[in-house]
$ cat work-v8.txt   # compact mmCIF, C-alpha atoms and all ligand atoms
# COMPACT_ATOMS: atom_id res chain seq x y z
CA ASP R 1 -1.76 46.88 57.83
CA ALA R 2 -2.44 45.71 61.40
CA LYS R 3 -0.12 48.17 63.20
CA ALA R 4 -1.29 51.25 61.35
CA SER R 5 -4.93 50.37 61.72
CA GLY R 6 -4.59 49.81 65.47
CA PRO R 7 -6.14 47.38 67.94
CA GLY R 8 -9.71 48.09 66.81
CA HIS R 9 -9.04 46.33 63.52
CA TYR R 10 -7.49 43.37 65.25
CA VAL R 11 -10.57 42.89 67.41
CA GLN R 12 -12.78 43.13 64.34
CA PHE R 13 -10.58 40.57 62.55
CA LYS R 14 -10.82 38.21 65.52
CA GLN R 15 -14.58 38.58 65.58
CA GLU R 16 -14.82 37.82 61.87
CA LEU R 17 -12.69 34.70 62.32
CA GLN R 18 -14.87 33.60 65.20
CA THR R 19 -18.01 34.18 63.15
CA ALA R 20 -16.59 32.17 60.26
CA GLN R 21 -15.81 29.35 62.67
CA ASP R 22 -19.28 29.47 64.18
CA ASP R 23 -20.84 29.40 60.69
CA ARG R 24 -18.74 26.42 59.77
CA PHE R 25 -19.66 24.57 62.90
CA LEU R 26 -23.35 25.31 62.40
CA LEU R 27 -23.15 24.13 58.79
CA GLN R 28 -21.44 20.95 59.92
CA ARG R 29 -24.20 20.23 62.46
CA GLU R 30 -26.82 20.89 59.81
CA LEU R 31 -25.06 18.52 57.42
CA GLU R 32 -25.07 15.86 60.14
CA THR R 33 -28.79 16.34 60.55
CA ALA R 34 -29.35 16.22 56.79
CA LEU R 35 -27.53 12.87 56.71
CA GLU R 36 -29.45 11.52 59.70
CA THR R 37 -32.77 12.46 58.13
CA ASN R 38 -31.76 11.28 54.67
CA SER R 39 -32.52 14.69 53.23
CA LEU R 40 -29.62 15.01 50.82
CA GLU R 41 -30.68 14.50 47.21
CA VAL R 42 -29.02 13.25 44.05
CA ALA R 43 -29.16 14.95 40.66
CA PHE R 44 -28.20 13.08 37.50
CA GLN R 45 -26.45 14.61 34.51
CA PRO R 46 -26.37 12.73 31.19
CA LEU R 47 -23.21 11.67 29.39
CA VAL R 48 -23.66 11.31 25.65
CA ARG R 49 -21.71 9.42 23.01
CA ALA R 50 -19.92 11.79 20.63
CA GLU R 51 -20.84 9.72 17.58
CA ASP R 52 -24.63 9.93 17.77
CA ARG R 53 -25.14 11.96 20.94
CA ARG R 54 -27.23 9.30 22.60
CA ILE R 55 -27.21 8.98 26.38
CA ILE R 56 -24.68 6.40 27.56
CA GLY R 57 -25.04 7.06 31.27
CA PHE R 58 -25.47 9.61 34.05
CA GLU R 59 -23.22 11.15 36.68
CA ALA R 60 -24.69 11.33 40.19
CA LEU R 61 -24.20 14.76 41.77
CA CYS R 62 -25.07 15.32 45.39
CA ARG R 63 -27.52 18.11 46.29
CA TRP R 64 -28.31 19.64 49.64
CA PRO R 65 -31.64 21.47 49.75
CA HIS R 66 -30.88 23.63 52.77
CA PRO R 67 -33.81 25.05 54.77
CA ARG R 68 -32.13 28.44 55.36
CA LEU R 69 -29.54 28.85 52.63
CA GLY R 70 -31.43 27.43 49.67
CA SER R 71 -29.11 25.16 47.78
CA VAL R 72 -25.57 24.86 49.13
CA SER R 73 -22.96 24.05 46.47
CA PRO R 74 -21.19 20.69 46.67
CA ALA R 75 -17.98 22.69 46.21
CA GLU R 76 -18.74 23.91 49.74
CA PHE R 77 -20.26 20.94 51.55
CA ILE R 78 -18.11 18.14 50.11
CA PRO R 79 -14.89 19.60 51.60
CA LEU R 80 -16.80 20.13 54.86
CA ALA R 81 -17.95 16.50 54.81
CA GLU R 82 -14.36 15.41 54.17
CA THR R 83 -12.85 17.32 57.07
CA SER R 84 -15.62 16.49 59.53
CA GLY R 85 -15.67 12.73 58.97
CA LEU R 86 -19.09 12.73 57.30
CA ILE R 87 -17.93 11.87 53.79
CA GLY R 88 -18.29 8.11 54.27
CA GLN R 89 -21.92 8.39 55.29
CA LEU R 90 -22.62 10.92 52.53
CA THR R 91 -21.07 8.72 49.85
CA GLU R 92 -22.94 5.67 51.11
CA GLN R 93 -26.24 7.55 50.74
CA VAL R 94 -25.40 8.90 47.29
CA LEU R 95 -24.21 5.47 46.09
CA THR R 96 -27.22 3.60 47.45
CA ARG R 97 -29.75 5.99 46.01
CA SER R 98 -28.08 6.33 42.65
CA CYS R 99 -27.58 2.56 42.25
CA GLN R 100 -31.29 2.12 42.97
CA ALA R 101 -32.12 4.75 40.35
CA ALA R 102 -29.82 3.18 37.76
CA LEU R 103 -31.66 -0.14 38.02
CA HIS R 104 -34.54 1.47 36.12
CA TRP R 105 -32.40 2.68 33.22
CA PRO R 106 -31.70 0.73 30.05
CA SER R 107 -29.04 -1.80 30.97
CA GLU R 108 -26.38 -0.36 28.64
CA MET R 109 -26.38 2.92 30.58
CA ARG R 110 -23.76 3.41 33.26
CA LEU R 111 -23.82 5.26 36.55
CA ALA R 112 -20.86 7.46 37.50
CA VAL R 113 -20.33 8.41 41.15
CA ASN R 114 -17.72 10.80 42.58
CA ILE R 115 -15.50 9.29 45.24
CA SER R 116 -13.50 11.49 47.57
CA PRO R 117 -9.73 10.85 47.87
CA VAL R 118 -10.27 10.52 51.63
CA LEU R 119 -12.30 7.33 51.10
CA LEU R 120 -9.97 5.81 48.54
CA ARG R 121 -7.25 5.59 51.14
CA SER R 122 -9.42 3.56 53.49
CA GLU R 123 -9.28 -0.21 53.58
CA ASP R 124 -13.03 -0.63 54.00
CA PHE R 125 -13.81 1.26 50.88
CA VAL R 126 -13.75 -1.63 48.40
CA HIS R 127 -15.91 -3.75 50.71
CA ASP R 128 -18.38 -0.91 51.13
CA ILE R 129 -18.82 -0.58 47.38
CA ALA R 130 -19.15 -4.35 46.93
CA ARG R 131 -21.77 -4.43 49.69
CA ILE R 132 -23.80 -1.59 48.15
CA LEU R 133 -23.70 -3.22 44.71
CA GLN R 134 -24.84 -6.47 46.27
CA SER R 135 -27.67 -4.95 48.28
CA THR R 136 -29.01 -2.80 45.45
CA GLY R 137 -28.48 -5.46 42.77
CA LEU R 138 -26.70 -3.14 40.33
CA PRO R 139 -24.18 -5.14 38.24
CA ALA R 140 -20.64 -3.96 39.03
CA ASP R 141 -19.86 -3.26 35.38
CA ARG R 142 -22.54 -0.58 35.30
CA LEU R 143 -20.78 1.47 37.97
CA GLU R 144 -17.97 3.90 37.29
CA VAL R 145 -16.16 5.65 40.12
CA GLU R 146 -14.79 9.14 39.43
CA ILE R 147 -11.61 10.00 41.25
CA THR R 148 -9.40 13.07 41.07
CA GLU R 149 -5.67 13.35 40.58
CA GLY R 150 -5.34 14.56 44.15
CA VAL R 151 -5.78 11.01 45.29
CA PHE R 152 -2.33 10.05 44.07
CA VAL R 153 -0.35 12.72 45.83
CA TYR R 154 0.04 10.43 48.85
CA ASP R 155 -0.21 6.69 49.24
CA THR R 156 -0.08 5.89 45.55
CA THR R 157 0.60 2.19 46.06
CA ARG R 158 -2.28 1.79 48.44
CA VAL R 159 -4.74 3.69 46.28
CA VAL R 160 -3.66 1.72 43.22
CA SER R 161 -4.26 -1.56 45.06
CA HIS R 162 -7.75 -0.41 46.07
CA LEU R 163 -8.49 0.61 42.48
CA ASP R 164 -7.20 -2.75 41.24
CA ALA R 165 -9.55 -4.48 43.66
CA LEU R 166 -12.47 -2.42 42.34
CA ARG R 167 -11.51 -3.23 38.76
CA ALA R 168 -11.41 -6.91 39.68
CA LEU R 169 -15.06 -6.60 40.78
CA GLY R 170 -15.87 -5.15 37.35
CA VAL R 171 -16.22 -1.51 38.46
CA ARG R 172 -14.74 1.09 36.10
CA VAL R 173 -12.49 3.94 37.06
CA ALA R 174 -12.55 7.44 35.59
CA MET R 175 -10.10 10.23 36.33
CA ASP R 176 -12.12 13.41 36.89
CA ASP R 177 -11.09 17.03 36.22
CA PHE R 178 -8.10 15.80 34.25
CA GLY R 179 -5.43 18.41 33.68
CA THR R 180 -6.02 20.40 36.86
CA GLY R 181 -3.80 18.35 39.19
CA TYR R 182 -0.12 17.44 39.41
CA SER R 183 1.96 15.39 36.96
CA SER R 184 -1.08 14.21 35.10
CA LEU R 185 0.81 12.56 32.29
CA ASN R 186 3.04 10.68 34.66
CA TYR R 187 0.05 8.89 36.21
CA LEU R 188 -1.56 7.88 32.97
CA THR R 189 0.75 5.00 32.21
CA ARG R 190 0.78 3.66 35.76
CA LEU R 191 -2.78 3.79 36.94
CA PRO R 192 -5.70 1.40 36.41
CA ILE R 193 -7.82 4.00 34.61
CA ASN R 194 -10.58 3.30 32.05
CA LYS R 195 -11.47 6.88 31.28
CA LEU R 196 -10.25 10.46 31.42
CA LYS R 197 -12.64 13.32 31.98
CA ILE R 198 -11.10 16.43 30.48
CA ASP R 199 -11.69 19.31 32.86
CA LYS R 200 -14.21 21.93 31.85
CA SER R 201 -11.63 24.71 32.04
CA PHE R 202 -9.97 23.27 28.90
CA VAL R 203 -13.32 22.85 27.17
CA ALA R 204 -14.34 26.44 27.97
CA ARG R 205 -11.25 27.79 26.15
CA LEU R 206 -11.63 25.63 23.04
CA GLY R 207 -11.44 27.60 19.83
CA GLU R 208 -10.09 30.66 21.63
CA ASN R 209 -6.51 29.66 22.12
CA LYS R 210 -4.36 27.49 19.87
CA ALA R 211 -2.15 26.16 22.65
CA ASN R 212 -5.19 25.07 24.65
CA ASP R 213 -6.68 23.29 21.60
CA ALA R 214 -3.37 21.53 21.06
CA VAL R 215 -3.31 20.30 24.67
CA VAL R 216 -6.83 18.89 24.38
CA SER R 217 -6.10 17.22 21.07
CA CYS R 218 -2.88 15.77 22.45
CA VAL R 219 -4.51 14.42 25.62
CA VAL R 220 -7.28 12.74 23.61
CA GLY R 221 -4.69 11.20 21.27
CA LEU R 222 -2.49 10.04 24.10
CA ALA R 223 -5.46 8.50 25.96
CA LYS R 224 -6.52 6.70 22.80
CA SER R 225 -3.08 5.23 22.30
CA LEU R 226 -3.16 3.97 25.89
CA GLY R 227 -6.62 2.43 25.44
CA ILE R 228 -8.26 4.98 27.72
CA ARG R 229 -11.62 6.58 26.83
CA THR R 230 -12.22 10.31 27.02
CA THR R 231 -15.16 12.42 28.14
CA ALA R 232 -15.19 16.19 27.82
CA GLU R 233 -16.80 17.98 30.77
CA GLY R 234 -18.68 21.26 30.65
CA VAL R 235 -19.59 21.21 26.96
CA GLU R 236 -21.84 24.21 26.51
CA THR R 237 -21.71 25.08 22.81
CA GLU R 238 -22.09 23.28 19.51
CA ALA R 239 -18.72 24.70 18.42
CA GLN R 240 -16.99 23.03 21.38
CA ALA R 241 -18.72 19.71 20.67
CA GLU R 242 -17.61 19.85 17.02
CA LEU R 243 -14.00 20.59 17.91
CA LEU R 244 -14.01 17.76 20.44
CA SER R 245 -15.50 15.34 17.91
CA ALA R 246 -12.89 16.37 15.39
CA VAL R 247 -10.03 15.45 17.73
CA GLY R 248 -11.64 12.10 18.55
CA CYS R 249 -13.16 12.61 22.00
CA ASP R 250 -15.50 9.69 22.81
CA SER R 251 -18.21 11.32 24.89
CA PHE R 252 -19.56 14.60 26.20
CA GLN R 253 -21.15 15.98 29.33
CA GLY R 254 -22.43 19.52 29.70
CA TYR R 255 -25.33 21.93 29.61
CA LEU R 256 -25.54 21.58 25.80
CA PHE R 257 -26.81 18.02 26.30
CA GLY R 258 -28.55 18.29 29.64
CA ARG R 259 -28.29 19.84 33.08
CA PRO R 260 -28.26 17.72 36.20
CA THR R 261 -31.85 16.57 36.83
CA SER R 262 -33.75 14.85 39.62
CA ASP R 263 -35.68 12.89 37.00
CA PRO R 264 -33.29 11.12 34.62
CA MET R 265 -36.05 8.72 33.52
CA ALA R 266 -37.92 11.62 31.91
CA MET R 267 -34.80 12.38 29.90
CA ILE R 268 -34.41 8.75 28.87
CA VAL R 269 -38.05 8.48 27.83
CA ALA R 270 -37.87 11.75 25.87
CA GLU R 271 -34.82 10.53 23.98
CA CYS R 272 -36.47 7.21 23.30
CA LYS R 273 -39.57 8.91 21.86
CA ALA R 274 -37.45 11.16 19.67
CA THR R 275 -35.85 8.09 18.06
CA PRO R 276 -38.53 5.38 17.99
CA LYS R 277 -36.36 3.10 15.88
CA HIS R 278 -34.13 2.39 18.82
CA ARG R 279 -35.86 -0.84 19.89
CA ALA R 280 -33.35 -1.97 22.50
CA VAL R 281 -34.04 1.02 24.71
CA GLU R 282 -37.81 0.74 24.28
CA GLN R 283 -37.75 -2.89 25.22
CA SER R 284 -35.70 -2.40 28.33
CA LEU R 285 -37.98 0.48 29.35
CA SER R 286 -41.11 -1.63 29.10
CA SER R 287 -39.66 -4.65 30.87
P1 LIG B 1 -17.47 17.15 39.01
O1 LIG B 1 -17.47 15.74 39.45
O2 LIG B 1 -16.38 17.57 38.07
O3 LIG B 1 -18.91 17.38 38.38
C1 LIG B 1 -19.17 18.22 37.28
C2 LIG B 1 -19.63 19.57 37.73
O4 LIG B 1 -19.75 20.42 36.59
C3 LIG B 1 -21.02 19.56 38.38
O5 LIG B 1 -21.04 20.59 39.34
C4 LIG B 1 -21.92 19.92 37.19
O6 LIG B 1 -23.17 20.46 37.59
C5 LIG B 1 -21.06 20.94 36.51
N1 LIG B 1 -21.39 21.07 35.08
C6 LIG B 1 -21.89 20.14 34.26
N2 LIG B 1 -22.02 20.60 32.99
C7 LIG B 1 -21.58 21.87 33.01
C8 LIG B 1 -21.47 22.89 32.00
O7 LIG B 1 -21.80 22.71 30.82
N3 LIG B 1 -20.95 24.08 32.42
C9 LIG B 1 -20.57 24.31 33.70
N4 LIG B 1 -20.08 25.52 34.01
N5 LIG B 1 -20.68 23.38 34.68
C10 LIG B 1 -21.17 22.18 34.33
P2 LIG B 1 -21.65 20.39 40.81
O8 LIG B 1 -22.85 19.51 40.74
O9 LIG B 1 -21.79 21.74 41.42
O10 LIG B 1 -20.53 19.58 41.57
C11 LIG B 1 -19.27 20.15 41.81
C12 LIG B 1 -18.29 19.13 42.29
O11 LIG B 1 -18.66 18.63 43.59
C13 LIG B 1 -18.21 17.87 41.40
O12 LIG B 1 -17.41 18.15 40.28
C14 LIG B 1 -17.60 16.89 42.38
O13 LIG B 1 -16.21 17.07 42.43
C15 LIG B 1 -18.20 17.31 43.71
N6 LIG B 1 -19.32 16.41 44.04
C16 LIG B 1 -20.62 16.47 43.69
N7 LIG B 1 -21.32 15.44 44.22
C17 LIG B 1 -20.43 14.70 44.90
C18 LIG B 1 -20.52 13.47 45.68
O14 LIG B 1 -21.58 12.83 45.81
N8 LIG B 1 -19.36 13.01 46.25
C19 LIG B 1 -18.17 13.67 46.10
N9 LIG B 1 -17.09 13.16 46.69
N10 LIG B 1 -18.05 14.80 45.39
C20 LIG B 1 -19.16 15.30 44.78
MG MG B 2 -17.29 13.99 38.57
MG MG B 3 -15.15 17.08 36.75
MG MG B 4 -15.03 19.37 39.03
$ encode --input "work-v8.txt" --output "structure tokens"
Amino acid sequence: DAKASGPGHYVQFKQELQTAQDDRFLLQRELETALETNSLEVAFQPLVRAEDRRIIGFEALCRWPHPRLGSVSPAEFIPLAETSGLIGQLTEQVLTRSCQAALHWPSEMRLAVNISPVLLRSEDFVHDIARILQSTGLPADRLEVEITEGVFVYDTTRVVSHLDALRALGVRVAMDDFGTGYSSLNYLTRLPINKLKIDKSFVARLGENKANDAVVSCVVGLAKSLGIRTTAEGVETEAQAELLSAVGCDSFQGYLFGRPTSDPMAMIVAECKATPKHRAVEQSLSS
């Protein structure tokens, strides 16, 4: 209580606020430098098909190896990039690098990239993606953009028209962290969505709570009836994978199948060696 604790506390509070602001500003300048020197990195986490658990693609996840702080979480620097106008540059770097990486993968594997709501509202966005696909040579149908429900809170019409334009190029659209935003079900019938990614908070509670299991099963069923694919995020246990398979979920992502890695090719090669009968992958690896 400010009054009871006296002016001393107020001064201390002000100092703490100031320090937090200074830290933020410093971090922002360091992020600018990281972008200028191209020192952000991309990690790739596999997505596997539920049916046979083979890799069907990778999600690109941005990493910032920070000289002082070790690794800063994207949960921290993505919002900073969004509010400081750096998100466009960051996304361009992540997209370019990950498209280049995906060119080396078997051609049936897709690349998923997270796109901030901030960018989806901008007119240039569709052109930027088209330009990056063109310059890297990655076919549009191998790219999937991951968006969050937050994007539809404002400017729905505009965002939908941008997504339609992307779909017309051949790019796919996935709704990320599904179930954590507003009026999820309402959007499903109206949006140009190819895939739902069921948020890891639902996956974590699977088998522990009947109501939660019912929600997951219902969402998968609803998506299926709308022709939308489903991926479960944050699958960590065999029991979760089995429950998800049983309700008809199409694909999985999570530590059970692979952590984000800087060397996705090693993972692809390892899988290929484990199943030498899979000729298609071998051929595309040697070509
Ligand atoms: P996301 O897109 O939902 O990505 C999945 C997050 O879950 C990743 O966290 C991943 O490392 C983590 N994860 C994967 N499997 C498991 C698991 O089995 N258990 C648990 N507990 N976690 C798992 P990460 O890499 O820390 O990224 C956090 C978020 O930051 C992402 O969530 C995404 O929203 C955002 N992000 C990351 N890279 C980018 C980027 O390049 N651009 C934008 N706009 N956002 C990004
Ligand atoms: Mg994502
Ligand atoms: Mg997610
Ligand atoms: Mg998330």
$ atom_distance --input "work-v8.txt" --atom1 "CA of Ser225 in chain R" --atom2 "CA of Arg167 in chain R"
20.3 Å
$ closest_atom_pairs --input "work-v8.txt" --of "chain R" --to "ligand MG 3 (chain B)" --cutoff "6 Å" --atoms "only C-alpha atoms and all ligand atoms" --output "tab-separated table"
residue	atom	partner	partner_atom	distance
R:Asp176	CA	B:MG3	MG	4.8
R:Asp177	CA	B:MG3	MG	4.1
R:Asp199	CA	B:MG3	MG	5.7
$ residues_around --input "work-v8.txt" --residues "Val113 in chain R" --least-positions-apart "5" --cutoff "9 Å" --atoms "all atoms listed in the file" --output "PyMOL selection string"
chain R and resi 58-61+91+94-95+98+143-147
$ closest_residue --input "work-v8.txt" --among "R:Leu133, R:Met265, R:Val48, R:Ala34" --to "Pro65 in chain R" --atoms "all atoms listed in the file"
R:Ala34
$ closest_atom_pairs --input "work-v8.txt" --of "chain R" --to "ligand MG 4 (chain B)" --cutoff "10 Å" --atoms "all atoms listed in the file" --output "JSON lines"
{"residue": "R:Pro74", "atom": "CA", "partner": "B:MG4", "partner_atom": "MG", "distance": 9.9}
{"residue": "R:Ala75", "atom": "CA", "partner": "B:MG4", "partner_atom": "MG", "distance": 8.4}
{"residue": "R:Asn114", "atom": "CA", "partner": "B:MG4", "partner_atom": "MG", "distance": 9.7}
{"residue": "R:Thr148", "atom": "CA", "partner": "B:MG4", "partner_atom": "MG", "distance": 8.7}
{"residue": "R:Asp176", "atom": "CA", "partner": "B:MG4", "partner_atom": "MG", "distance": 7.0}
{"residue": "R:Asp177", "atom": "CA", "partner": "B:MG4", "partner_atom": "MG", "distance": 5.4}
{"residue": "R:Phe178", "atom": "CA", "partner": "B:MG4", "partner_atom": "MG", "distance": 9.1}
{"residue": "R:Thr180", "atom": "CA", "partner": "B:MG4", "partner_atom": "MG", "distance": 9.3}
{"residue": "R:Lys197", "atom": "CA", "partner": "B:MG4", "partner_atom": "MG", "distance": 9.6}
{"residue": "R:Ile198", "atom": "CA", "partner": "B:MG4", "partner_atom": "MG", "distance": 9.9}
{"residue": "R:Asp199", "atom": "CA", "partner": "B:MG4", "partner_atom": "MG", "distance": 7.0}
{"residue": "R:Lys200", "atom": "CA", "partner": "B:MG4", "partner_atom": "MG", "distance": 7.7}
{"residue": "R:Ser201", "atom": "CA", "partner": "B:MG4", "partner_atom": "MG", "distance": 9.4}
{"residue": "R:Glu233", "atom": "CA", "partner": "B:MG4", "partner_atom": "MG", "distance": 8.6}
{"residue": "R:Gly234", "atom": "CA", "partner": "B:MG4", "partner_atom": "MG", "distance": 9.3}
$ atom_distance --input "work-v8.txt" --atom1 "CA of Ile87 in chain R" --atom2 "CA of His66 in chain R"
17.5 Å
$ residues_around --input "work-v8.txt" --residues "Thr157 in chain R" --least-positions-apart "2" --cutoff "12 Å" --atoms "only C-alpha atoms" --output "list in words"
Leu120, Arg121, Val151, Phe152, Val153, Tyr154, Asp155, Val159, Val160, Ser161, His162, Leu163, Asp164, Tyr187, Arg190, Leu191 and Pro192 of chain R
$ residues_around --input "work-v8.txt" --residues "range 21-25 of chain R" --least-positions-apart "4" --cutoff "12 Å" --atoms "only C-alpha atoms" --output "ChimeraX atom specification"
/R:14-17,29-32,69,76-77,79-81,83-84
$ atom_distance --input "work-v8.txt" --atom1 "CA of Leu86 in chain R" --atom2 "atom N9 of ligand LIG 1 (chain B)"
10.8 Å
$ closest_residue --input "work-v8.txt" --among "R:Lys195, R:Arg110, R:Arg54, R:His104" --to "Thr275 in chain R" --atoms "all atoms listed in the file"
R:Arg54
$ closest_residue --input "work-v8.txt" --among "R:Thr189, R:Arg158, R:Arg53, R:Glu82" --to "Glu123 in chain R" --atoms "only C-alpha atoms"
R:Arg158
$ residues_around --input "work-v8.txt" --residues "Ser73 in chain R" --least-positions-apart "6" --cutoff "10 Å" --atoms "all atoms listed in the file" --output "PyMOL selection string"
chain R and resi 62-65
$ write_last_selection --input "work-v8.txt" --atoms "C-alpha atoms" --output "compact mmCIF listing (two decimals), keeping the file's coordinate frame"
# COMPACT_ATOMS: atom_id res chain seq x y z
CA CYS R 62 -25.07 15.32 45.39
CA ARG R 63 -27.52 18.11 46.29
CA TRP R 64 -28.31 19.64 49.64
CA PRO R 65 -31.64 21.47 49.75
$ closest_residue --input "work-v8.txt" --among "R:Asn38, R:Ser245, R:Gln28, R:Ser71" --to "ligand LIG 1 (chain B)" --atoms "all atoms listed in the file"
R:Ser71
$ residues_around --input "work-v8.txt" --residues "Gln100 in chain R" --least-positions-apart "6" --cutoff "9 Å" --atoms "all atoms listed in the file" --output "compact mmCIF listing (two decimals) with C-alpha atoms, in the frame of the given file"
# COMPACT_ATOMS: atom_id res chain seq x y z
CA THR R 136 -29.01 -2.80 45.45
CA GLY R 137 -28.48 -5.46 42.77
CA LEU R 138 -26.70 -3.14 40.33
$ decode --input "work-v8.txt" --residues "range 98-166 of chain R" --atoms "C-alpha atoms" --output "PDB file, in the first residue's frame"
ATOM      1  CA  SER R  98      14.029 -21.418 -43.729  1.00  0.00           C
ATOM      2  CA  CYS R  99      12.918 -21.481 -47.390  1.00  0.00           C
ATOM      3  CA  GLN R 100      16.561 -22.010 -48.351  1.00  0.00           C
ATOM      4  CA  ALA R 101      16.820 -24.855 -45.840  1.00  0.00           C
ATOM      5  CA  ALA R 102      13.594 -26.479 -47.048  1.00  0.00           C
ATOM      6  CA  LEU R 103      14.955 -26.708 -50.601  1.00  0.00           C
ATOM      7  CA  HIS R 104      17.222 -29.523 -49.390  1.00  0.00           C
ATOM      8  CA  TRP R 105      14.424 -31.589 -47.878  1.00  0.00           C
ATOM      9  CA  PRO R 106      12.445 -34.274 -49.685  1.00  0.00           C
ATOM     10  CA  SER R 107       9.929 -32.423 -51.819  1.00  0.00           C
ATOM     11  CA  GLU R 108       6.873 -33.797 -50.006  1.00  0.00           C
ATOM     12  CA  MET R 109       7.962 -32.099 -46.775  1.00  0.00           C
ATOM     13  CA  ARG R 110       6.476 -28.721 -45.941  1.00  0.00           C
ATOM     14  CA  LEU R 111       7.873 -25.716 -44.141  1.00  0.00           C
ATOM     15  CA  ALA R 112       5.725 -23.927 -41.549  1.00  0.00           C
ATOM     16  CA  VAL R 113       6.574 -20.348 -40.565  1.00  0.00           C
ATOM     17  CA  ASN R 114       4.938 -18.228 -37.850  1.00  0.00           C
ATOM     18  CA  ILE R 115       3.552 -14.924 -39.051  1.00  0.00           C
ATOM     19  CA  SER R 116       2.753 -12.152 -36.612  1.00  0.00           C
ATOM     20  CA  PRO R 117      -0.747 -10.599 -36.717  1.00  0.00           C
ATOM     21  CA  VAL R 118       0.960  -7.224 -37.146  1.00  0.00           C
ATOM     22  CA  LEU R 119       2.248  -8.268 -40.583  1.00  0.00           C
ATOM     23  CA  LEU R 120      -0.985  -9.849 -41.743  1.00  0.00           C
ATOM     24  CA  ARG R 121      -2.685  -6.490 -41.603  1.00  0.00           C
ATOM     25  CA  SER R 122      -0.147  -4.913 -43.929  1.00  0.00           C
ATOM     26  CA  GLU R 123      -0.763  -4.629 -47.646  1.00  0.00           C
ATOM     27  CA  ASP R 124       2.827  -5.457 -48.597  1.00  0.00           C
ATOM     28  CA  PHE R 125       2.771  -8.739 -46.811  1.00  0.00           C
ATOM     29  CA  VAL R 126       1.493 -10.932 -49.639  1.00  0.00           C
ATOM     30  CA  HIS R 127       3.993  -9.386 -52.062  1.00  0.00           C
ATOM     31  CA  ASP R 128       6.825  -9.927 -49.600  1.00  0.00           C
ATOM     32  CA  ILE R 129       6.024 -13.617 -49.305  1.00  0.00           C
ATOM     33  CA  ALA R 130       5.676 -14.002 -53.077  1.00  0.00           C
ATOM     34  CA  ARG R 131       9.030 -12.264 -53.547  1.00  0.00           C
ATOM     35  CA  ILE R 132      10.795 -14.497 -51.009  1.00  0.00           C
ATOM     36  CA  LEU R 133       9.340 -17.649 -52.583  1.00  0.00           C
ATOM     37  CA  GLN R 134      10.476 -16.427 -55.970  1.00  0.00           C
ATOM     38  CA  SER R 135      13.995 -15.528 -54.880  1.00  0.00           C
ATOM     39  CA  THR R 136      14.595 -18.728 -52.920  1.00  0.00           C
ATOM     40  CA  GLY R 137      12.852 -20.970 -55.454  1.00  0.00           C
ATOM     41  CA  LEU R 138      10.685 -22.770 -52.895  1.00  0.00           C
ATOM     42  CA  PRO R 139       7.372 -23.830 -54.497  1.00  0.00           C
ATOM     43  CA  ALA R 140       4.487 -21.958 -52.841  1.00  0.00           C
ATOM     44  CA  ASP R 141       2.640 -25.167 -52.013  1.00  0.00           C
ATOM     45  CA  ARG R 142       5.479 -26.243 -49.728  1.00  0.00           C
ATOM     46  CA  LEU R 143       5.003 -23.223 -47.475  1.00  0.00           C
ATOM     47  CA  GLU R 144       2.475 -23.030 -44.669  1.00  0.00           C
ATOM     48  CA  VAL R 145       1.967 -19.835 -42.701  1.00  0.00           C
ATOM     49  CA  GLU R 146       0.936 -20.164 -39.053  1.00  0.00           C
ATOM     50  CA  ILE R 147      -1.310 -17.437 -37.767  1.00  0.00           C
ATOM     51  CA  THR R 148      -3.024 -16.987 -34.421  1.00  0.00           C
ATOM     52  CA  GLU R 149      -6.629 -16.233 -33.608  1.00  0.00           C
ATOM     53  CA  GLY R 150      -5.585 -12.803 -32.393  1.00  0.00           C
ATOM     54  CA  VAL R 151      -5.270 -11.730 -35.979  1.00  0.00           C
ATOM     55  CA  PHE R 152      -9.024 -11.707 -36.437  1.00  0.00           C
ATOM     56  CA  VAL R 153      -9.931  -9.494 -33.533  1.00  0.00           C
ATOM     57  CA  TYR R 154      -9.596  -6.429 -35.764  1.00  0.00           C
ATOM     58  CA  ASP R 155      -9.732  -5.991 -39.508  1.00  0.00           C
ATOM     59  CA  THR R 156     -11.197  -9.400 -40.248  1.00  0.00           C
ATOM     60  CA  THR R 157     -12.157  -8.543 -43.818  1.00  0.00           C
ATOM     61  CA  ARG R 158      -8.728  -7.238 -44.639  1.00  0.00           C
ATOM     62  CA  VAL R 159      -6.896 -10.169 -43.089  1.00  0.00           C
ATOM     63  CA  VAL R 160      -9.190 -12.618 -44.868  1.00  0.00           C
ATOM     64  CA  SER R 161      -8.463 -10.949 -48.206  1.00  0.00           C
ATOM     65  CA  HIS R 162      -4.713 -11.200 -47.568  1.00  0.00           C
ATOM     66  CA  LEU R 163      -5.081 -14.866 -46.634  1.00  0.00           C
ATOM     67  CA  ASP R 164      -7.154 -15.481 -49.770  1.00  0.00           C
ATOM     68  CA  ALA R 165      -4.384 -13.902 -51.832  1.00  0.00           C
ATOM     69  CA  LEU R 166      -1.823 -16.196 -50.196  1.00  0.00           C
TER      70      LEU R 166
END
